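Have a look at run.cif; it's mmCIF, C-alpha atoms:
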```
data_target
#
loop_
_atom_site.label_atom_id
_atom_site.label_comp_id
_atom_site.auth_asym_id
_atom_site.auth_seq_id
_atom_site.Cartn_x
_atom_site.Cartn_y
_atom_site.Cartn_z
CA MET A 67 10.35 -5.96 9.06
CA PRO A 68 13.78 -5.41 7.42
CA HIS A 69 13.92 -5.21 3.64
CA GLY A 70 16.69 -5.92 1.15
CA LEU A 71 17.32 -4.57 -2.33
CA ASP A 72 14.81 -5.49 -5.02
CA HIS A 73 15.28 -3.09 -7.92
CA ILE A 74 16.28 0.38 -8.99
CA VAL A 75 14.54 2.35 -11.72
CA HIS A 76 16.86 4.04 -14.22
CA ALA A 77 14.73 6.58 -16.10
CA VAL A 78 15.92 7.37 -19.64
CA ARG A 79 14.58 9.21 -22.66
CA ASP A 80 15.64 6.61 -25.24
CA LEU A 81 15.07 3.08 -23.94
CA ASP A 82 16.85 1.24 -26.72
CA ALA A 83 19.89 3.56 -26.59
CA ALA A 84 20.17 3.02 -22.83
CA ALA A 85 19.76 -0.74 -23.26
CA GLU A 86 22.51 -0.68 -25.89
CA PHE A 87 24.74 1.17 -23.41
CA TYR A 88 24.17 -1.48 -20.73
CA ALA A 89 24.83 -4.23 -23.27
CA ARG A 90 28.10 -2.61 -24.39
CA ALA A 91 29.04 -2.30 -20.73
CA GLY A 92 28.74 -6.08 -20.50
CA PHE A 93 25.30 -6.61 -19.02
CA THR A 94 22.64 -9.02 -20.29
CA VAL A 95 19.57 -6.92 -21.11
CA GLY A 96 16.02 -8.27 -21.40
CA ALA A 97 13.44 -7.55 -24.07
CA ARG A 98 11.11 -4.54 -24.06
CA ASN A 99 8.07 -4.77 -21.77
CA ARG A 100 5.03 -2.49 -21.99
CA HIS A 101 2.90 -1.15 -19.15
CA ALA A 102 -0.73 -0.13 -19.36
CA TRP A 103 0.09 3.26 -17.80
CA GLY A 104 2.40 4.42 -20.60
CA THR A 105 5.90 3.33 -19.55
CA HIS A 106 8.08 0.69 -21.19
CA ASN A 107 11.06 -1.05 -19.62
CA ARG A 108 13.95 -3.43 -20.15
CA ILE A 109 15.50 -5.40 -17.31
CA VAL A 110 19.07 -6.09 -16.19
CA GLN A 111 18.90 -8.83 -13.57
CA LEU A 112 21.61 -9.47 -10.99
CA LYS A 113 21.65 -12.32 -8.48
CA ASN A 114 20.00 -10.26 -5.75
CA ALA A 115 18.38 -7.28 -7.45
CA TYR A 116 17.70 -5.80 -10.85
CA ILE A 117 17.80 -2.56 -12.81
CA GLU A 118 14.60 -1.45 -14.48
CA ILE A 119 15.63 0.70 -17.44
CA LEU A 120 12.48 2.71 -18.04
CA THR A 121 11.08 5.33 -20.38
CA VAL A 122 7.75 7.05 -20.96
CA ALA A 123 6.77 5.69 -24.37
CA GLU A 124 3.02 6.35 -24.47
CA PRO A 125 2.36 9.60 -22.57
CA GLU A 126 -1.29 9.62 -23.61
CA LYS A 127 -1.88 6.65 -21.29
CA ILE A 128 -0.54 8.38 -18.17
CA VAL A 129 -3.02 8.97 -15.35
CA PRO A 130 -2.53 11.82 -12.86
CA HIS A 131 -1.60 11.41 -9.23
CA GLY A 132 -4.58 10.98 -6.90
CA VAL A 133 -5.13 12.00 -3.31
CA ARG A 134 -3.74 8.66 -2.10
CA SER A 135 -2.48 7.18 -5.35
CA PHE A 136 1.00 7.46 -6.79
CA SER A 137 1.10 7.65 -10.60
CA PHE A 138 4.21 5.82 -11.78
CA GLY A 139 3.80 7.28 -15.27
CA ALA A 140 3.22 10.87 -14.16
CA TYR A 141 6.21 10.85 -11.82
CA HIS A 142 8.56 9.58 -14.53
CA ARG A 143 7.17 11.96 -17.15
CA ASP A 144 8.00 14.86 -14.83
CA PHE A 145 11.37 13.36 -13.84
CA LEU A 146 12.44 12.95 -17.47
CA ALA A 147 11.35 16.49 -18.33
CA VAL A 148 14.31 17.62 -16.19
CA ARG A 149 16.93 14.86 -16.38
CA GLU A 150 17.82 11.22 -16.89
CA GLY A 151 19.06 9.09 -14.02
CA LEU A 152 18.14 6.86 -11.10
CA SER A 153 14.59 7.75 -10.12
CA MET A 154 13.33 5.14 -7.64
CA LEU A 155 14.75 2.81 -5.01
CA ILE A 156 12.59 -0.27 -4.48
CA LEU A 157 13.25 -2.82 -1.73
CA ASN A 158 11.86 -6.33 -1.42
CA SER A 159 8.76 -7.28 0.53
CA SER A 160 7.14 -10.47 1.77
CA ASN A 161 3.88 -8.68 2.63
CA ALA A 162 3.27 -5.39 0.85
CA ILE A 163 -0.07 -4.83 2.61
CA GLU A 164 1.61 -4.91 6.02
CA ASP A 165 4.43 -2.73 4.75
CA ALA A 166 1.95 -0.11 3.52
CA ARG A 167 0.40 -0.05 6.98
CA SER A 168 3.81 0.27 8.60
CA PHE A 169 4.81 3.13 6.29
CA GLU A 170 1.60 4.97 7.07
CA ALA A 171 2.07 4.51 10.82
CA SER A 172 5.63 5.83 10.49
CA GLY A 173 4.51 8.92 8.59
CA ILE A 174 6.24 8.01 5.33
CA GLY A 175 3.31 6.36 3.55
CA GLY A 176 -0.31 7.25 2.95
CA PHE A 177 -0.52 5.78 -0.56
CA ALA A 178 -2.87 3.11 -1.85
CA MET A 179 -1.39 -0.26 -2.76
CA PHE A 180 -0.48 -0.79 -6.38
CA ASP A 181 -1.04 -4.27 -7.84
CA PHE A 182 -0.28 -5.28 -11.40
CA ALA A 183 0.53 -8.30 -13.52
CA ARG A 184 2.01 -8.95 -16.95
CA ASP A 185 3.10 -11.82 -19.15
CA GLY A 186 6.78 -12.61 -19.39
CA ALA A 187 9.03 -15.22 -20.93
CA LYS A 188 11.88 -17.44 -19.83
CA PRO A 189 15.16 -17.25 -21.78
CA ASP A 190 14.00 -20.24 -23.86
CA GLY A 191 10.77 -18.42 -24.75
CA THR A 192 8.50 -20.28 -22.32
CA PRO A 193 5.65 -17.92 -21.35
CA VAL A 194 5.19 -17.15 -17.65
CA ARG A 195 2.90 -14.97 -15.56
CA LEU A 196 4.36 -12.22 -13.39
CA ALA A 197 2.51 -10.31 -10.66
CA PHE A 198 3.63 -7.67 -8.18
CA SER A 199 2.29 -5.57 -5.29
CA LEU A 200 3.97 -2.28 -4.42
CA ALA A 201 3.72 -0.16 -1.29
CA PHE A 202 5.05 3.37 -1.77
CA ALA A 203 6.93 5.57 0.68
CA ARG A 204 8.17 9.13 0.50
CA ASP A 205 10.62 11.37 2.24
CA ALA A 206 8.71 14.67 2.27
CA THR A 207 11.95 16.62 1.97
CA SER A 208 13.16 14.74 -1.14
CA PRO A 209 10.93 15.39 -4.17
CA ASN A 210 13.47 14.06 -6.69
CA VAL A 211 13.49 10.41 -5.67
CA ARG A 212 10.71 7.99 -4.79
CA PHE A 213 10.70 4.80 -2.75
CA ALA A 214 8.67 1.59 -2.60
CA VAL A 215 8.78 -2.04 -1.59
CA CYS A 216 7.79 -4.77 -4.03
CA GLN A 217 6.26 -8.17 -3.34
CA HIS A 218 6.77 -10.73 -6.12
CA HIS A 219 3.81 -13.13 -6.25
CA PHE A 220 5.52 -15.55 -8.65
CA PRO A 221 9.22 -15.05 -7.89
CA GLU A 222 10.08 -18.39 -9.48
CA ASN A 223 8.84 -16.98 -12.80
CA PHE A 224 10.92 -13.81 -12.53
CA TRP A 225 14.36 -14.66 -11.13
CA ASP A 226 16.38 -16.78 -13.54
CA PRO A 227 20.11 -17.57 -13.53
CA ALA A 228 20.14 -17.38 -17.33
CA PHE A 229 19.40 -13.64 -17.08
CA GLN A 230 22.04 -13.17 -14.35
CA THR A 231 25.14 -14.07 -16.38
CA HIS A 232 26.97 -10.95 -17.56
CA ALA A 233 30.01 -10.58 -19.79
CA ASN A 234 31.46 -7.99 -17.39
CA GLY A 235 31.45 -10.50 -14.54
CA ALA A 236 28.92 -8.62 -12.40
CA GLY A 237 27.32 -10.91 -9.84
CA ALA A 238 25.35 -9.09 -7.19
CA MET A 239 24.40 -5.47 -6.69
CA SER A 240 26.35 -4.64 -3.55
CA GLY A 241 24.58 -1.39 -2.81
CA VAL A 242 23.21 1.97 -3.83
CA ALA A 243 24.37 5.46 -2.96
CA LEU A 244 22.12 8.44 -2.38
CA VAL A 245 23.43 11.98 -1.93
CA ALA A 246 22.18 14.67 0.45
CA GLU A 247 23.72 17.82 1.89
CA ASN A 248 22.89 16.58 5.39
CA PRO A 249 22.53 12.77 5.43
CA THR A 250 21.52 12.69 9.09
CA ASP A 251 18.41 14.72 8.23
CA HIS A 252 17.11 11.52 6.58
CA HIS A 253 18.04 8.89 9.18
CA ILE A 254 14.49 8.58 10.54
CA PHE A 255 13.17 7.97 7.03
CA LEU A 256 15.95 5.48 6.24
CA LYS A 257 15.19 3.45 9.37
CA ALA A 258 11.45 3.41 8.70
CA PHE A 259 11.85 2.53 5.02
CA THR A 260 14.51 -0.18 5.28
CA GLY A 261 13.41 -1.59 8.63
CA VAL A 262 17.07 -1.56 9.69
CA SER A 263 17.13 -0.04 13.17
CA ASP A 264 20.90 -0.01 13.65
CA LEU A 265 22.27 2.40 11.06
CA HIS A 266 26.02 2.77 10.58
CA SER A 267 27.17 6.39 10.88
CA SER A 268 30.55 7.72 9.78
CA SER A 269 32.18 10.85 8.43
CA ILE A 270 30.99 9.75 4.98
CA GLY A 271 27.29 9.58 5.87
CA ILE A 272 24.82 6.99 7.10
CA LYS A 273 24.29 3.44 5.89
CA ALA A 274 21.63 0.76 6.27
CA ARG A 275 23.18 -2.67 5.81
CA THR A 276 20.27 -4.70 4.49
CA GLU A 277 20.13 -8.46 4.03
CA ASN A 278 21.49 -8.21 0.48
CA GLY A 279 23.12 -4.83 -0.04
CA ASP A 280 23.82 -1.40 1.43
CA VAL A 281 21.63 1.68 1.19
CA GLU A 282 23.92 4.61 1.86
CA ILE A 283 23.29 8.36 2.06
CA MET A 284 26.44 10.42 1.51
CA GLU A 285 27.42 14.08 1.42
CA PRO A 286 28.34 15.33 -2.08
CA VAL A 287 32.01 15.78 -1.14
CA SER A 288 32.15 12.25 0.30
CA PHE A 289 30.62 10.88 -2.91
CA ARG A 290 33.35 12.59 -4.94
CA ASP A 291 36.06 11.37 -2.59
CA GLN A 292 34.83 7.77 -2.65
CA PHE A 293 33.98 7.43 -6.34
CA GLY A 294 35.85 10.20 -8.15
CA ALA A 295 32.70 11.49 -9.85
CA SER A 296 30.59 14.53 -9.12
CA PRO A 297 27.02 13.61 -8.20
CA ASP A 298 24.23 15.17 -10.22
CA VAL A 299 22.28 16.79 -7.38
CA ASN A 300 19.02 18.48 -8.31
CA GLY A 301 16.77 20.33 -5.89
CA GLU A 302 16.28 19.60 -2.22
CA GLY A 303 16.82 16.54 -0.07
CA MET A 304 18.16 13.24 -1.38
CA THR A 305 18.91 12.11 -4.89
CA LEU A 306 19.69 8.54 -5.98
CA ASN A 307 23.03 8.63 -7.73
CA ALA A 308 25.00 5.38 -7.91
CA LEU A 309 24.78 1.61 -8.26
CA ARG A 310 27.54 -0.66 -6.98
CA PHE A 311 28.29 -4.07 -8.52
CA GLU A 312 30.41 -6.93 -7.22
CA VAL A 313 32.92 -8.43 -9.66
CA ALA A 314 35.74 -10.91 -9.13
CA ASP A 315 38.18 -8.80 -11.13
CA ILE A 316 37.59 -5.20 -12.23
CA THR A 317 39.79 -5.70 -15.29
CA GLN A 318 36.94 -7.72 -16.80
CA PRO A 319 34.45 -4.81 -17.05
CA GLU A 320 37.32 -2.40 -17.70
CA THR A 321 38.32 -4.32 -20.83
CA LEU A 322 34.77 -4.18 -22.20
CA LEU A 323 34.34 -0.49 -21.42
CA ARG A 324 37.57 0.34 -23.22
CA ARG A 325 36.64 -1.84 -26.19
CA TYR A 326 33.38 0.05 -26.69
CA GLY A 327 34.68 3.50 -25.87
CA ILE A 328 32.72 3.97 -22.65
CA ALA A 329 34.38 6.42 -20.28
CA SER A 330 35.55 4.98 -16.96
CA GLN A 331 38.28 5.48 -14.41
CA ARG A 332 39.84 3.61 -11.53
CA HIS A 333 39.41 5.31 -8.17
CA VAL A 334 40.24 3.97 -4.70
CA GLY A 335 40.31 0.41 -6.00
CA ARG A 336 37.03 0.73 -7.88
CA LEU A 337 36.12 1.12 -11.54
CA VAL A 338 33.69 4.01 -12.02
CA VAL A 339 31.53 4.94 -15.02
CA PRO A 340 30.48 8.61 -14.60
CA PRO A 341 26.92 9.88 -15.09
CA ALA A 342 27.78 11.65 -18.34
CA ALA A 343 28.52 8.24 -19.88
CA ALA A 344 25.73 6.26 -18.18
CA HIS A 345 22.54 8.21 -18.87
CA GLY A 346 22.72 10.14 -15.60
CA ALA A 347 23.73 7.25 -13.32
CA THR A 348 27.10 6.47 -11.75
CA LEU A 349 28.03 2.78 -12.10
CA ILE A 350 30.66 1.36 -9.76
CA PHE A 351 32.40 -2.00 -10.15
CA GLU A 352 34.24 -3.29 -7.08
CA THR A 353 35.64 -6.56 -5.84
CA ALA A 354 33.62 -8.39 -3.22
#
```

Can you give me the file's structure in the form of structure tokens?
Amino acid sequence: MPHGLDHIVHAVRDLDAAAEFYARAGFTVGARNRHAWGTHNRIVQLKNAYIEILTVAEPEKIVPHGVRSFSFGAYHRDFLAVREGLSMLILNSSNAIEDARSFEASGIGGFAMFDFARDGAKPDGTPVRLAFSLAFARDATSPNVRFAVCQHHFPENFWDPAFQTHANGAGAMSGVALVAENPTDHHIFLKAFTGVSDLHSSSIGIKARTENGDVEIMEPVSFRDQFGASPDVNGEGMTLNALRFEVADITQPETLLRRYGIASQRHVGRLVVPPAAAHGATLIFETA
């Protein structure tokens, strides 16, 4: 079953500093949430997907990885010991149990389901209940990024237009960009993970056009050519490097970035915030 974008985890060492960066860049940022396994997050919600700004705040609560269990806390503790940046790509799911079975049959799964719930609040303070089920996937050749699909059990309590209005004019997340020396080495994984059987191949790399955004794997030189920024590539296989946002007019985010002294540059019709300014991520604003 094909999947679209759901959310991307942006792992940072100082959650409030990263949230302040996103706010200065013109995004509406949610309040701090706490997880039982030692991580805290703050959310930036777009119309179709969201950014989970995440840190390890209570390392004593982290549990180790198991034979078939993925420890969200342990993975991000180890990730942040090396770098900040985009750590996980999570797509949407209407049936996480079936997706876990599919991933296992395709050779990219083998993990137990992960179910959790927490209390949340609407913009007016009304309390709501949130619950999620995640099915994890992995590309065995890419230890520096993890993948999952997420089923929202109360989506009406999570998605809210009041959280999706941003001063920089960002509407939807139009896609994500991963980087690999040989993108075609990962085409079997990309098909199995996204459920998109007809991948688009070009000199730039390979792309899965999902129902609500692109998942693209690019060569490092293509990334630099397209976005004018050097990707932070660590270790083997793929890394998750960039988020793309749709705006009506790139002068709107550009004005805010200049006002608050955030480095950016125009490149091939896009406005690009480099990883050195964005806690290890590359942020790209482009017209629809």

At a cut-off of 8 Å, using all atoms listed in the file, what residues contact segment 233-245 of chain A? Leave out same-chain residues fewer than 4 positions from it and give the result as a short mmCIF file (atom, residue, chain, number, x, y, z; two decimals) with C-alpha atoms, in the coordinates of the input.
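The new file around.cif reads:
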```
data_model
loop_
_atom_site.label_atom_id
_atom_site.label_comp_id
_atom_site.auth_asym_id
_atom_site.auth_seq_id
_atom_site.Cartn_x
_atom_site.Cartn_y
_atom_site.Cartn_z
CA LEU A 71 17.32 -4.57 -2.33
CA ALA A 91 29.04 -2.30 -20.73
CA GLY A 92 28.74 -6.08 -20.50
CA PHE A 93 25.30 -6.61 -19.02
CA THR A 94 22.64 -9.02 -20.29
CA LEU A 112 21.61 -9.47 -10.99
CA LYS A 113 21.65 -12.32 -8.48
CA ASN A 114 20.00 -10.26 -5.75
CA ALA A 115 18.38 -7.28 -7.45
CA TYR A 116 17.70 -5.80 -10.85
CA PRO A 249 22.53 12.77 5.43
CA ASN A 278 21.49 -8.21 0.48
CA GLY A 279 23.12 -4.83 -0.04
CA ASP A 280 23.82 -1.40 1.43
CA VAL A 281 21.63 1.68 1.19
CA GLU A 282 23.92 4.61 1.86
CA ILE A 283 23.29 8.36 2.06
CA MET A 284 26.44 10.42 1.51
CA GLU A 285 27.42 14.08 1.42
CA PRO A 286 28.34 15.33 -2.08
CA PHE A 289 30.62 10.88 -2.91
CA PRO A 297 27.02 13.61 -8.20
CA VAL A 299 22.28 16.79 -7.38
CA MET A 304 18.16 13.24 -1.38
CA THR A 305 18.91 12.11 -4.89
CA LEU A 306 19.69 8.54 -5.98
CA ASN A 307 23.03 8.63 -7.73
CA ALA A 308 25.00 5.38 -7.91
CA LEU A 309 24.78 1.61 -8.26
CA ARG A 310 27.54 -0.66 -6.98
CA PHE A 311 28.29 -4.07 -8.52
CA GLU A 312 30.41 -6.93 -7.22
CA VAL A 313 32.92 -8.43 -9.66
CA ALA A 314 35.74 -10.91 -9.13
CA ASP A 315 38.18 -8.80 -11.13
CA GLN A 318 36.94 -7.72 -16.80
CA PRO A 319 34.45 -4.81 -17.05
CA LEU A 322 34.77 -4.18 -22.20
CA PHE A 351 32.40 -2.00 -10.15
#
```

Could you list, as a JSON list (two decimals) with C-alpha atoms, in the frame of the given file, every residue matched by the PyMOL selection byres ((chain A and resi 187) around 12) in this structure?
```
[["chain", "number", "residue", "atom", "x", "y", "z"],
["A", 96, "GLY", "CA", 16.02, -8.27, -21.40],
["A", 97, "ALA", "CA", 13.44, -7.55, -24.07],
["A", 98, "ARG", "CA", 11.11, -4.54, -24.06],
["A", 99, "ASN", "CA", 8.07, -4.77, -21.77],
["A", 184, "ARG", "CA", 2.01, -8.95, -16.95],
["A", 185, "ASP", "CA", 3.10, -11.82, -19.15],
["A", 186, "GLY", "CA", 6.78, -12.61, -19.39],
["A", 188, "LYS", "CA", 11.88, -17.44, -19.83],
["A", 189, "PRO", "CA", 15.16, -17.25, -21.78],
["A", 190, "ASP", "CA", 14.00, -20.24, -23.86],
["A", 191, "GLY", "CA", 10.77, -18.42, -24.75],
["A", 192, "THR", "CA", 8.50, -20.28, -22.32],
["A", 193, "PRO", "CA", 5.65, -17.92, -21.35],
["A", 194, "VAL", "CA", 5.19, -17.15, -17.65],
["A", 195, "ARG", "CA", 2.90, -14.97, -15.56],
["A", 196, "LEU", "CA", 4.36, -12.22, -13.39],
["A", 222, "GLU", "CA", 10.08, -18.39, -9.48],
["A", 223, "ASN", "CA", 8.84, -16.98, -12.80],
["A", 224, "PHE", "CA", 10.92, -13.81, -12.53],
["A", 225, "TRP", "CA", 14.36, -14.66, -11.13],
["A", 226, "ASP", "CA", 16.38, -16.78, -13.54],
["A", 228, "ALA", "CA", 20.14, -17.38, -17.33],
["A", 229, "PHE", "CA", 19.40, -13.64, -17.08]]
```

Which of these, A:Ala89, A:Ala178, A:Ala197, A:Ala203, has the shortest distance to His219 of chain A once you count only C-alpha atoms? A:Ala197

Quick one, how far is atom CA of Val148 of chain A from atom CA of Phe136 of chain A?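 Taking atom CA of Val148 of chain A and atom CA of Phe136 of chain A, their separation equals 19.2 Å.
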
Counting all atoms listed in the file, I want the residues whose atoms come within 12 Å of (4.3, -3.4, 8.3) in the file frame, returned as a VMD selection string. chain A and resid 67 to 69 159 to 172 174 to 175 201 215 258 to 261
